[in-house]
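Peer 1: One file: protein36.txt (compact mmCIF, C-alpha atoms).
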# COMPACT_ATOMS: atom_id res chain seq x y z
CA MET D 1 0.00 0.00 0.00
CA CYS D 2 2.82 2.40 0.85
CA ALA D 3 4.48 1.79 -2.51
CA ARG D 4 1.29 2.79 -4.32
CA LEU D 5 0.92 5.93 -2.24
CA ASN D 6 4.57 6.81 -2.79
CA ALA D 7 4.09 6.39 -6.53
CA ALA D 8 1.18 8.86 -6.41
CA GLN D 9 3.18 11.51 -4.51
CA PRO D 10 4.45 13.46 -7.56
CA TYR D 11 0.90 13.67 -8.91
CA ALA D 12 -0.51 14.87 -5.60
CA ILE D 13 2.22 17.52 -5.33
CA ALA D 14 1.54 18.64 -8.90
CA LEU D 15 -2.19 18.94 -8.23
CA PHE D 16 -1.58 20.88 -5.01
CA ARG D 17 0.96 23.14 -6.73
CA ALA D 18 -1.34 23.93 -9.64
CA ALA D 19 -4.40 24.61 -7.46
CA PHE D 20 -2.52 26.73 -4.95
CA GLY D 21 -0.74 28.64 -7.72
CA LEU D 22 -4.09 29.37 -9.38
CA LEU D 23 -5.57 30.72 -6.14
CA PHE D 24 -2.48 32.86 -5.50
CA THR D 25 -2.60 34.21 -9.07
CA MET D 26 -6.27 35.06 -8.71
CA GLN D 27 -5.52 37.05 -5.54
CA GLY D 28 -2.93 39.07 -7.48
CA VAL D 29 -5.32 39.61 -10.40
CA ALA D 30 -8.05 40.81 -8.03
CA SER D 31 -5.70 43.24 -6.28
CA LEU D 32 -4.12 44.63 -9.45
CA PHE D 33 -7.09 44.78 -11.81
CA GLY D 34 -10.12 45.03 -9.52
CA VAL D 35 -11.82 41.92 -10.89
CA LEU D 36 -13.04 38.89 -8.93
CA GLY D 37 -14.23 41.17 -6.14
CA GLY D 38 -11.21 43.45 -6.16
CA ALA D 39 -8.55 43.92 -3.52
CA GLU D 40 -9.51 43.14 0.05
CA GLY D 41 -10.79 46.23 1.84
CA THR D 42 -11.24 48.31 -1.34
CA ASN D 43 -14.90 47.47 -2.05
CA GLY D 44 -14.11 46.05 -5.49
CA GLY D 45 -11.22 48.38 -6.31
CA THR D 46 -7.52 47.99 -6.86
CA ILE D 47 -4.46 48.72 -4.78
CA PRO D 48 -3.05 52.11 -5.88
CA VAL D 49 0.21 52.07 -7.86
CA GLY D 50 3.28 52.48 -5.68
CA THR D 51 1.55 51.48 -2.45
CA TRP D 52 4.01 49.71 -0.15
CA PRO D 53 3.80 46.79 0.50
CA GLY D 54 0.38 46.03 -1.01
CA ARG D 55 0.98 46.78 -4.68
CA TYR D 56 4.35 45.04 -4.73
CA GLY D 57 2.86 42.04 -2.92
CA ALA D 58 0.10 41.87 -5.53
CA VAL D 59 2.67 41.81 -8.34
CA ILE D 60 4.49 38.98 -6.54
CA GLN D 61 1.18 37.15 -6.18
CA LEU D 62 0.43 37.49 -9.87
CA VAL D 63 3.86 36.53 -11.21
CA ALA D 64 4.92 33.93 -8.64
CA GLY D 65 1.44 32.40 -8.58
CA ALA D 66 1.40 32.00 -12.36
CA LEU D 67 4.89 30.48 -12.37
CA VAL D 68 3.99 28.07 -9.57
CA MET D 69 0.72 27.15 -11.29
CA LEU D 70 2.58 26.31 -14.51
CA GLY D 71 5.45 24.63 -12.70
CA LEU D 72 7.98 26.94 -14.35
CA GLY D 73 10.82 28.12 -12.15
CA THR D 74 8.84 26.49 -9.38
CA ARG D 75 11.44 26.51 -6.64
CA TRP D 76 12.48 30.14 -7.10
CA ALA D 77 8.89 31.34 -7.46
CA ALA D 78 7.81 29.39 -4.38
CA LEU D 79 10.72 30.75 -2.37
CA VAL D 80 9.89 34.35 -3.32
CA ALA D 81 6.18 33.81 -2.64
CA SER D 82 6.89 32.18 0.73
CA GLY D 83 9.12 35.09 1.70
CA ALA D 84 6.49 37.61 0.61
CA MET D 85 3.84 35.89 2.71
CA ALA D 86 6.16 35.68 5.72
CA PHE D 87 6.91 39.40 5.28
CA ALA D 88 3.18 40.12 5.08
CA HIS D 89 2.62 38.30 8.34
CA PHE D 90 5.44 39.92 10.27
CA ASP D 91 5.13 43.42 8.81
CA VAL D 92 1.36 43.80 8.53
CA HIS D 93 -0.37 41.32 10.82
CA GLN D 94 2.04 40.91 13.73
CA LYS D 95 1.67 44.61 14.60
CA VAL D 96 -1.93 43.90 15.58
CA ALA D 97 -1.37 40.89 17.86
CA LEU D 98 1.14 38.10 18.41
CA TRP D 99 -0.79 35.04 17.22
CA PRO D 100 -2.15 34.62 13.66
CA ILE D 101 -5.57 33.65 15.04
CA GLN D 102 -5.71 37.04 16.76
CA ASN D 103 -4.23 39.26 14.05
CA GLY D 104 -5.89 37.92 10.88
CA GLY D 105 -2.59 36.55 9.61
CA GLU D 106 -3.63 32.91 9.20
CA PRO D 107 -3.85 33.09 5.37
CA SER D 108 -0.36 34.55 5.10
CA VAL D 109 1.14 31.98 7.50
CA CYS D 110 -0.62 29.09 5.71
CA SER D 111 0.50 30.44 2.33
CA ALA D 112 4.11 30.80 3.45
CA SER D 113 4.05 27.22 4.75
CA ALA D 114 2.40 25.86 1.59
CA PHE D 115 4.98 27.54 -0.62
CA LEU D 116 7.74 25.91 1.42
CA LEU D 117 6.16 22.57 0.52
CA ILE D 118 5.98 23.61 -3.14
CA PHE D 119 9.67 24.58 -2.90
CA THR D 120 10.44 20.84 -2.91
CA GLY D 121 9.67 20.71 -6.64
CA CYS D 122 7.05 20.89 -9.34
CA GLY D 123 5.76 17.33 -9.09
CA ALA D 124 4.67 15.29 -12.09
CA PHE D 125 3.14 17.91 -14.37
CA GLY D 126 5.34 20.98 -14.42
CA LEU D 127 7.09 22.82 -17.20
CA ASP D 128 10.29 22.52 -15.16
CA ARG D 129 10.32 18.82 -16.05
CA LEU D 130 10.26 19.63 -19.77
CA PHE D 131 13.20 21.99 -19.54
CA ASP D 132 15.17 19.84 -17.13
CA GLY D 133 15.82 17.29 -19.88
CA ARG D 134 16.24 14.47 -17.41
CA THR D 135 13.84 12.20 -15.63
CA ALA D 136 14.47 10.49 -12.33
CA GLY D 137 15.35 7.27 -14.17
CA THR D 138 18.01 8.86 -16.36
CA LEU D 139 19.45 10.68 -13.35
CA ARG D 140 19.67 7.42 -11.43
CA ARG D 141 21.36 5.64 -14.37
CA SER D 142 23.85 8.45 -14.99
CA ARG D 143 24.90 8.58 -11.34
CA SER D 144 25.28 4.81 -11.06
CA ALA D 145 27.21 4.73 -14.36
CA ALA D 146 29.71 7.18 -12.89
CA ASP D 147 30.31 4.83 -9.96
CA PRO D 148 29.33 1.27 -11.00
CA GLY D 149 29.88 -0.05 -7.48
CA LYS D 150 27.07 2.04 -6.03
CA THR D 151 23.39 2.08 -6.80
CA LEU D 152 21.00 4.76 -5.68
CA ASP D 153 18.17 2.36 -5.03
CA ALA D 154 19.78 0.99 -1.88
Once more with this new file: its structure as structure tokens, please.

Peer 2:
Amino acid sequence: MCARLNAAQPYAIALFRAAFGLLFTMQGVASLFGVLGGAEGTNGGTIPVGTWPGRYGAVIQLVAGALVMLGLGTRWAALVASGAMAFAHFDVHQKVALWPIQNGGEPSVCSASAFLLIFTGCGAFGLDRLFDGRTAGTLRRSRSAADPGKTLDA
């Protein structure tokens, strides 16, 4: 049973990555363009250009979310997005109260944590896999060919 679940892991990570990237992208689109309900607290509007940190965070949401959703530059995009969400928590929410449950920072803490999971890789269906040029099997064979005495399966 564990072997079957382990075999499904790359697909589960890819599904999680794509869904979470889509949601993050939609948040950036709403904040930048005023669609999908607009930016939070603006009654359907946008975040004004040059507003720190809101406008810059929205651009990070749009770009990093789209990259994560597509699985392109996944690790770098996830790292930037995780850092942005951690910054949002500590700079915006932590001023209100210490704990995320008290200061409204739960979404930013959950997002930062989720992006750290996504930082592990794109999973099965990411554009990173197309540009990498190697699969896990070819990587395993090339490493064991370099040192025939060792196998990576052990």

Peer 1: Have a look at CA of Gly54 (chain D) and CA of Thr74 (chain D) and let me know their distance in Å, one decimal.

Peer 2: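 Going from CA of Gly54 (chain D) over to CA of Thr74 (chain D), I get 22.9 Å.
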
Peer 1: Could you tell me which of D:Ser108, D:Gln94, D:Gln102, D:Thr25 comes closest to Leu70 (chain D) if we count only C-alpha atoms?

Peer 2: D:Thr25

Peer 1: Would you mind reading off the distance between CA of Phe119 (chain D) and CA of Gly34 (chain D), one decimal, in Å?

Peer 2: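 Going from CA of Phe119 (chain D) over to CA of Gly34 (chain D), I get 29.2 Å.
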
Peer 1: Looking at only C-alpha atoms, which of D:Phe33, D:Leu98, D:Met69, D:Ala78 is the one that sits closest to Val49 (chain D)?

Peer 2: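 When distances to Val49 (chain D) are compared using only C-alpha atoms, the smallest one comes from D:Phe33.
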
Peer 1: Give the answer as one residue: which of D:Phe24, D:Phe115, D:Trp99, D:Phe16 has the shortest atom-to-atom distance to Ala86 (chain D), using all atoms listed in the file?

Peer 2: D:Phe115

Peer 1: As an exercise, work out the distance from CA of Phe20 (chain D) to CA of Thr42 (chain D) in Å and give it to one decimal place.

Peer 2: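 If I compute the distance from CA of Phe20 (chain D) to CA of Thr42 (chain D), I get 23.6 Å.
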
Peer 1: Counting only C-alpha atoms, figure out which residue out of D:Pro53, D:Gly65, D:Pro48, D:Gly126 gets nearest to Val29 (chain D).

Peer 2: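 Of all the options, D:Gly65 lies closest to Val29 (chain D).
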
Peer 1: Near Val63 (chain D), within 12 Å and counting all atoms listed in the file, which residues show up once chain neighbours fewer than 2 positions away are dropped, as a PyMOL selection string?

Peer 2: chain D and resi 21-22+24-29+32+56-61+65-70+72-74+76-78+80-81

Peer 1: Please, which residues are within 10 Å of (-3.4, 34.3, 4.6) by the file's coordinates, counting only C-alpha atoms, and could they come as JSON, numbers by chain?

Peer 2: {"D": [85, 86, 88, 89, 93, 100, 104, 105, 106, 107, 108, 109, 110, 111, 112]}

Peer 1: Of the residues D:Gly50, D:Gly123, D:Gly44, D:Gly83, which is the one nearest to Ala30 (chain D), using only C-alpha atoms?

Peer 2: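 Under the stated criterion, the closest residue is D:Gly44.
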
Peer 1: Edge lengths and centre in Å to one decimal, as JSON, is what I'm after for the box along x, y and z that holds all listed atoms of region 44-62 of chain D once 6 Å is added on each side.

Peer 2:
{"center_x": -4.8, "center_y": 44.8, "center_z": -4.7, "size_x": 30.6, "size_y": 27.3, "size_z": 22.4}

Peer 1: Please determine, counting all atoms listed in the file, which residue among D:Ala39, D:Val92, D:Thr120, D:Asn6 has the shortest atom-to-atom distance to Arg55 (chain D).

Peer 2: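 The answer is D:Ala39, which sits nearest to Arg55 (chain D).
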
Peer 1: Pop region 7-139 of chain D out of the structure in the block and write C-alpha atoms as a PDB file, in the first residue's frame.

Peer 2:
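Below is the file that was written, decode09.pdb:
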ATOM      1  CA  ALA D   7       4.085   6.390  -6.532  1.00  0.00           C
ATOM      2  CA  ALA D   8       1.178   8.864  -6.409  1.00  0.00           C
ATOM      3  CA  GLN D   9       3.177  11.506  -4.513  1.00  0.00           C
ATOM      4  CA  PRO D  10       4.452  13.460  -7.564  1.00  0.00           C
ATOM      5  CA  TYR D  11       0.896  13.672  -8.913  1.00  0.00           C
ATOM      6  CA  ALA D  12      -0.509  14.872  -5.595  1.00  0.00           C
ATOM      7  CA  ILE D  13       2.221  17.515  -5.326  1.00  0.00           C
ATOM      8  CA  ALA D  14       1.540  18.640  -8.901  1.00  0.00           C
ATOM      9  CA  LEU D  15      -2.193  18.944  -8.230  1.00  0.00           C
ATOM     10  CA  PHE D  16      -1.581  20.877  -5.011  1.00  0.00           C
ATOM     11  CA  ARG D  17       0.959  23.136  -6.729  1.00  0.00           C
ATOM     12  CA  ALA D  18      -1.345  23.932  -9.637  1.00  0.00           C
ATOM     13  CA  ALA D  19      -4.404  24.606  -7.456  1.00  0.00           C
ATOM     14  CA  PHE D  20      -2.519  26.731  -4.949  1.00  0.00           C
ATOM     15  CA  GLY D  21      -0.743  28.642  -7.719  1.00  0.00           C
ATOM     16  CA  LEU D  22      -4.087  29.374  -9.378  1.00  0.00           C
ATOM     17  CA  LEU D  23      -5.565  30.718  -6.139  1.00  0.00           C
ATOM     18  CA  PHE D  24      -2.484  32.861  -5.498  1.00  0.00           C
ATOM     19  CA  THR D  25      -2.598  34.206  -9.066  1.00  0.00           C
ATOM     20  CA  MET D  26      -6.274  35.059  -8.708  1.00  0.00           C
ATOM     21  CA  GLN D  27      -5.518  37.047  -5.545  1.00  0.00           C
ATOM     22  CA  GLY D  28      -2.931  39.070  -7.478  1.00  0.00           C
ATOM     23  CA  VAL D  29      -5.320  39.610 -10.399  1.00  0.00           C
ATOM     24  CA  ALA D  30      -8.047  40.812  -8.029  1.00  0.00           C
ATOM     25  CA  SER D  31      -5.703  43.237  -6.278  1.00  0.00           C
ATOM     26  CA  LEU D  32      -4.119  44.629  -9.449  1.00  0.00           C
ATOM     27  CA  PHE D  33      -7.089  44.781 -11.811  1.00  0.00           C
ATOM     28  CA  GLY D  34     -10.123  45.034  -9.521  1.00  0.00           C
ATOM     29  CA  VAL D  35     -11.822  41.919 -10.891  1.00  0.00           C
ATOM     30  CA  LEU D  36     -13.043  38.892  -8.928  1.00  0.00           C
ATOM     31  CA  GLY D  37     -14.234  41.167  -6.136  1.00  0.00           C
ATOM     32  CA  GLY D  38     -11.208  43.451  -6.162  1.00  0.00           C
ATOM     33  CA  ALA D  39      -8.551  43.917  -3.523  1.00  0.00           C
ATOM     34  CA  GLU D  40      -9.512  43.144   0.050  1.00  0.00           C
ATOM     35  CA  GLY D  41     -10.788  46.229   1.842  1.00  0.00           C
ATOM     36  CA  THR D  42     -11.243  48.308  -1.338  1.00  0.00           C
ATOM     37  CA  ASN D  43     -14.896  47.465  -2.046  1.00  0.00           C
ATOM     38  CA  GLY D  44     -14.108  46.048  -5.493  1.00  0.00           C
ATOM     39  CA  GLY D  45     -11.224  48.379  -6.307  1.00  0.00           C
ATOM     40  CA  THR D  46      -7.517  47.985  -6.864  1.00  0.00           C
ATOM     41  CA  ILE D  47      -4.457  48.723  -4.783  1.00  0.00           C
ATOM     42  CA  PRO D  48      -3.053  52.109  -5.882  1.00  0.00           C
ATOM     43  CA  VAL D  49       0.206  52.067  -7.863  1.00  0.00           C
ATOM     44  CA  GLY D  50       3.280  52.483  -5.685  1.00  0.00           C
ATOM     45  CA  THR D  51       1.553  51.476  -2.447  1.00  0.00           C
ATOM     46  CA  TRP D  52       4.008  49.710  -0.153  1.00  0.00           C
ATOM     47  CA  PRO D  53       3.800  46.788   0.496  1.00  0.00           C
ATOM     48  CA  GLY D  54       0.377  46.034  -1.009  1.00  0.00           C
ATOM     49  CA  ARG D  55       0.979  46.780  -4.683  1.00  0.00           C
ATOM     50  CA  TYR D  56       4.350  45.035  -4.733  1.00  0.00           C
ATOM     51  CA  GLY D  57       2.863  42.037  -2.922  1.00  0.00           C
ATOM     52  CA  ALA D  58       0.099  41.874  -5.527  1.00  0.00           C
ATOM     53  CA  VAL D  59       2.671  41.806  -8.338  1.00  0.00           C
ATOM     54  CA  ILE D  60       4.494  38.983  -6.540  1.00  0.00           C
ATOM     55  CA  GLN D  61       1.176  37.155  -6.176  1.00  0.00           C
ATOM     56  CA  LEU D  62       0.435  37.492  -9.871  1.00  0.00           C
ATOM     57  CA  VAL D  63       3.860  36.525 -11.214  1.00  0.00           C
ATOM     58  CA  ALA D  64       4.922  33.927  -8.641  1.00  0.00           C
ATOM     59  CA  GLY D  65       1.440  32.405  -8.576  1.00  0.00           C
ATOM     60  CA  ALA D  66       1.397  32.005 -12.363  1.00  0.00           C
ATOM     61  CA  LEU D  67       4.888  30.481 -12.369  1.00  0.00           C
ATOM     62  CA  VAL D  68       3.993  28.068  -9.572  1.00  0.00           C
ATOM     63  CA  MET D  69       0.723  27.153 -11.286  1.00  0.00           C
ATOM     64  CA  LEU D  70       2.583  26.312 -14.507  1.00  0.00           C
ATOM     65  CA  GLY D  71       5.454  24.628 -12.704  1.00  0.00           C
ATOM     66  CA  LEU D  72       7.980  26.937 -14.354  1.00  0.00           C
ATOM     67  CA  GLY D  73      10.823  28.116 -12.147  1.00  0.00           C
ATOM     68  CA  THR D  74       8.838  26.490  -9.379  1.00  0.00           C
ATOM     69  CA  ARG D  75      11.441  26.514  -6.639  1.00  0.00           C
ATOM     70  CA  TRP D  76      12.479  30.141  -7.098  1.00  0.00           C
ATOM     71  CA  ALA D  77       8.888  31.341  -7.459  1.00  0.00           C
ATOM     72  CA  ALA D  78       7.808  29.388  -4.381  1.00  0.00           C
ATOM     73  CA  LEU D  79      10.719  30.750  -2.365  1.00  0.00           C
ATOM     74  CA  VAL D  80       9.890  34.353  -3.316  1.00  0.00           C
ATOM     75  CA  ALA D  81       6.175  33.808  -2.638  1.00  0.00           C
ATOM     76  CA  SER D  82       6.888  32.181   0.732  1.00  0.00           C
ATOM     77  CA  GLY D  83       9.118  35.087   1.700  1.00  0.00           C
ATOM     78  CA  ALA D  84       6.490  37.607   0.614  1.00  0.00           C
ATOM     79  CA  MET D  85       3.844  35.893   2.709  1.00  0.00           C
ATOM     80  CA  ALA D  86       6.162  35.679   5.721  1.00  0.00           C
ATOM     81  CA  PHE D  87       6.912  39.398   5.284  1.00  0.00           C
ATOM     82  CA  ALA D  88       3.177  40.123   5.080  1.00  0.00           C
ATOM     83  CA  HIS D  89       2.622  38.305   8.341  1.00  0.00           C
ATOM     84  CA  PHE D  90       5.445  39.920  10.267  1.00  0.00           C
ATOM     85  CA  ASP D  91       5.132  43.422   8.807  1.00  0.00           C
ATOM     86  CA  VAL D  92       1.355  43.801   8.534  1.00  0.00           C
ATOM     87  CA  HIS D  93      -0.367  41.320  10.820  1.00  0.00           C
ATOM     88  CA  GLN D  94       2.035  40.910  13.732  1.00  0.00           C
ATOM     89  CA  LYS D  95       1.671  44.608  14.599  1.00  0.00           C
ATOM     90  CA  VAL D  96      -1.932  43.904  15.585  1.00  0.00           C
ATOM     91  CA  ALA D  97      -1.366  40.887  17.861  1.00  0.00           C
ATOM     92  CA  LEU D  98       1.139  38.105  18.413  1.00  0.00           C
ATOM     93  CA  TRP D  99      -0.792  35.040  17.217  1.00  0.00           C
ATOM     94  CA  PRO D 100      -2.150  34.620  13.662  1.00  0.00           C
ATOM     95  CA  ILE D 101      -5.566  33.646  15.041  1.00  0.00           C
ATOM     96  CA  GLN D 102      -5.711  37.045  16.760  1.00  0.00           C
ATOM     97  CA  ASN D 103      -4.234  39.260  14.045  1.00  0.00           C
ATOM     98  CA  GLY D 104      -5.894  37.920  10.875  1.00  0.00           C
ATOM     99  CA  GLY D 105      -2.589  36.546   9.609  1.00  0.00           C
ATOM    100  CA  GLU D 106      -3.627  32.908   9.195  1.00  0.00           C
ATOM    101  CA  PRO D 107      -3.853  33.086   5.371  1.00  0.00           C
ATOM    102  CA  SER D 108      -0.359  34.547   5.101  1.00  0.00           C
ATOM    103  CA  VAL D 109       1.139  31.975   7.497  1.00  0.00           C
ATOM    104  CA  CYS D 110      -0.621  29.090   5.714  1.00  0.00           C
ATOM    105  CA  SER D 111       0.497  30.437   2.333  1.00  0.00           C
ATOM    106  CA  ALA D 112       4.109  30.803   3.455  1.00  0.00           C
ATOM    107  CA  SER D 113       4.054  27.218   4.746  1.00  0.00           C
ATOM    108  CA  ALA D 114       2.402  25.863   1.590  1.00  0.00           C
ATOM    109  CA  PHE D 115       4.978  27.541  -0.616  1.00  0.00           C
ATOM    110  CA  LEU D 116       7.740  25.906   1.423  1.00  0.00           C
ATOM    111  CA  LEU D 117       6.162  22.567   0.518  1.00  0.00           C
ATOM    112  CA  ILE D 118       5.980  23.606  -3.136  1.00  0.00           C
ATOM    113  CA  PHE D 119       9.667  24.581  -2.899  1.00  0.00           C
ATOM    114  CA  THR D 120      10.442  20.839  -2.914  1.00  0.00           C
ATOM    115  CA  GLY D 121       9.674  20.705  -6.643  1.00  0.00           C
ATOM    116  CA  CYS D 122       7.045  20.888  -9.342  1.00  0.00           C
ATOM    117  CA  GLY D 123       5.764  17.326  -9.089  1.00  0.00           C
ATOM    118  CA  ALA D 124       4.672  15.292 -12.090  1.00  0.00           C
ATOM    119  CA  PHE D 125       3.140  17.911 -14.374  1.00  0.00           C
ATOM    120  CA  GLY D 126       5.336  20.981 -14.420  1.00  0.00           C
ATOM    121  CA  LEU D 127       7.086  22.824 -17.203  1.00  0.00           C
ATOM    122  CA  ASP D 128      10.292  22.524 -15.164  1.00  0.00           C
ATOM    123  CA  ARG D 129      10.319  18.821 -16.053  1.00  0.00           C
ATOM    124  CA  LEU D 130      10.260  19.632 -19.771  1.00  0.00           C
ATOM    125  CA  PHE D 131      13.201  21.992 -19.544  1.00  0.00           C
ATOM    126  CA  ASP D 132      15.175  19.837 -17.131  1.00  0.00           C
ATOM    127  CA  GLY D 133      15.815  17.287 -19.881  1.00  0.00           C
ATOM    128  CA  ARG D 134      16.238  14.473 -17.413  1.00  0.00           C
ATOM    129  CA  THR D 135      13.839  12.199 -15.630  1.00  0.00           C
ATOM    130  CA  ALA D 136      14.466  10.488 -12.330  1.00  0.00           C
ATOM    131  CA  GLY D 137      15.354   7.272 -14.172  1.00  0.00           C
ATOM    132  CA  THR D 138      18.011   8.865 -16.365  1.00  0.00           C
ATOM    133  CA  LEU D 139      19.446  10.683 -13.348  1.00  0.00           C
TER     134      LEU D 139
END
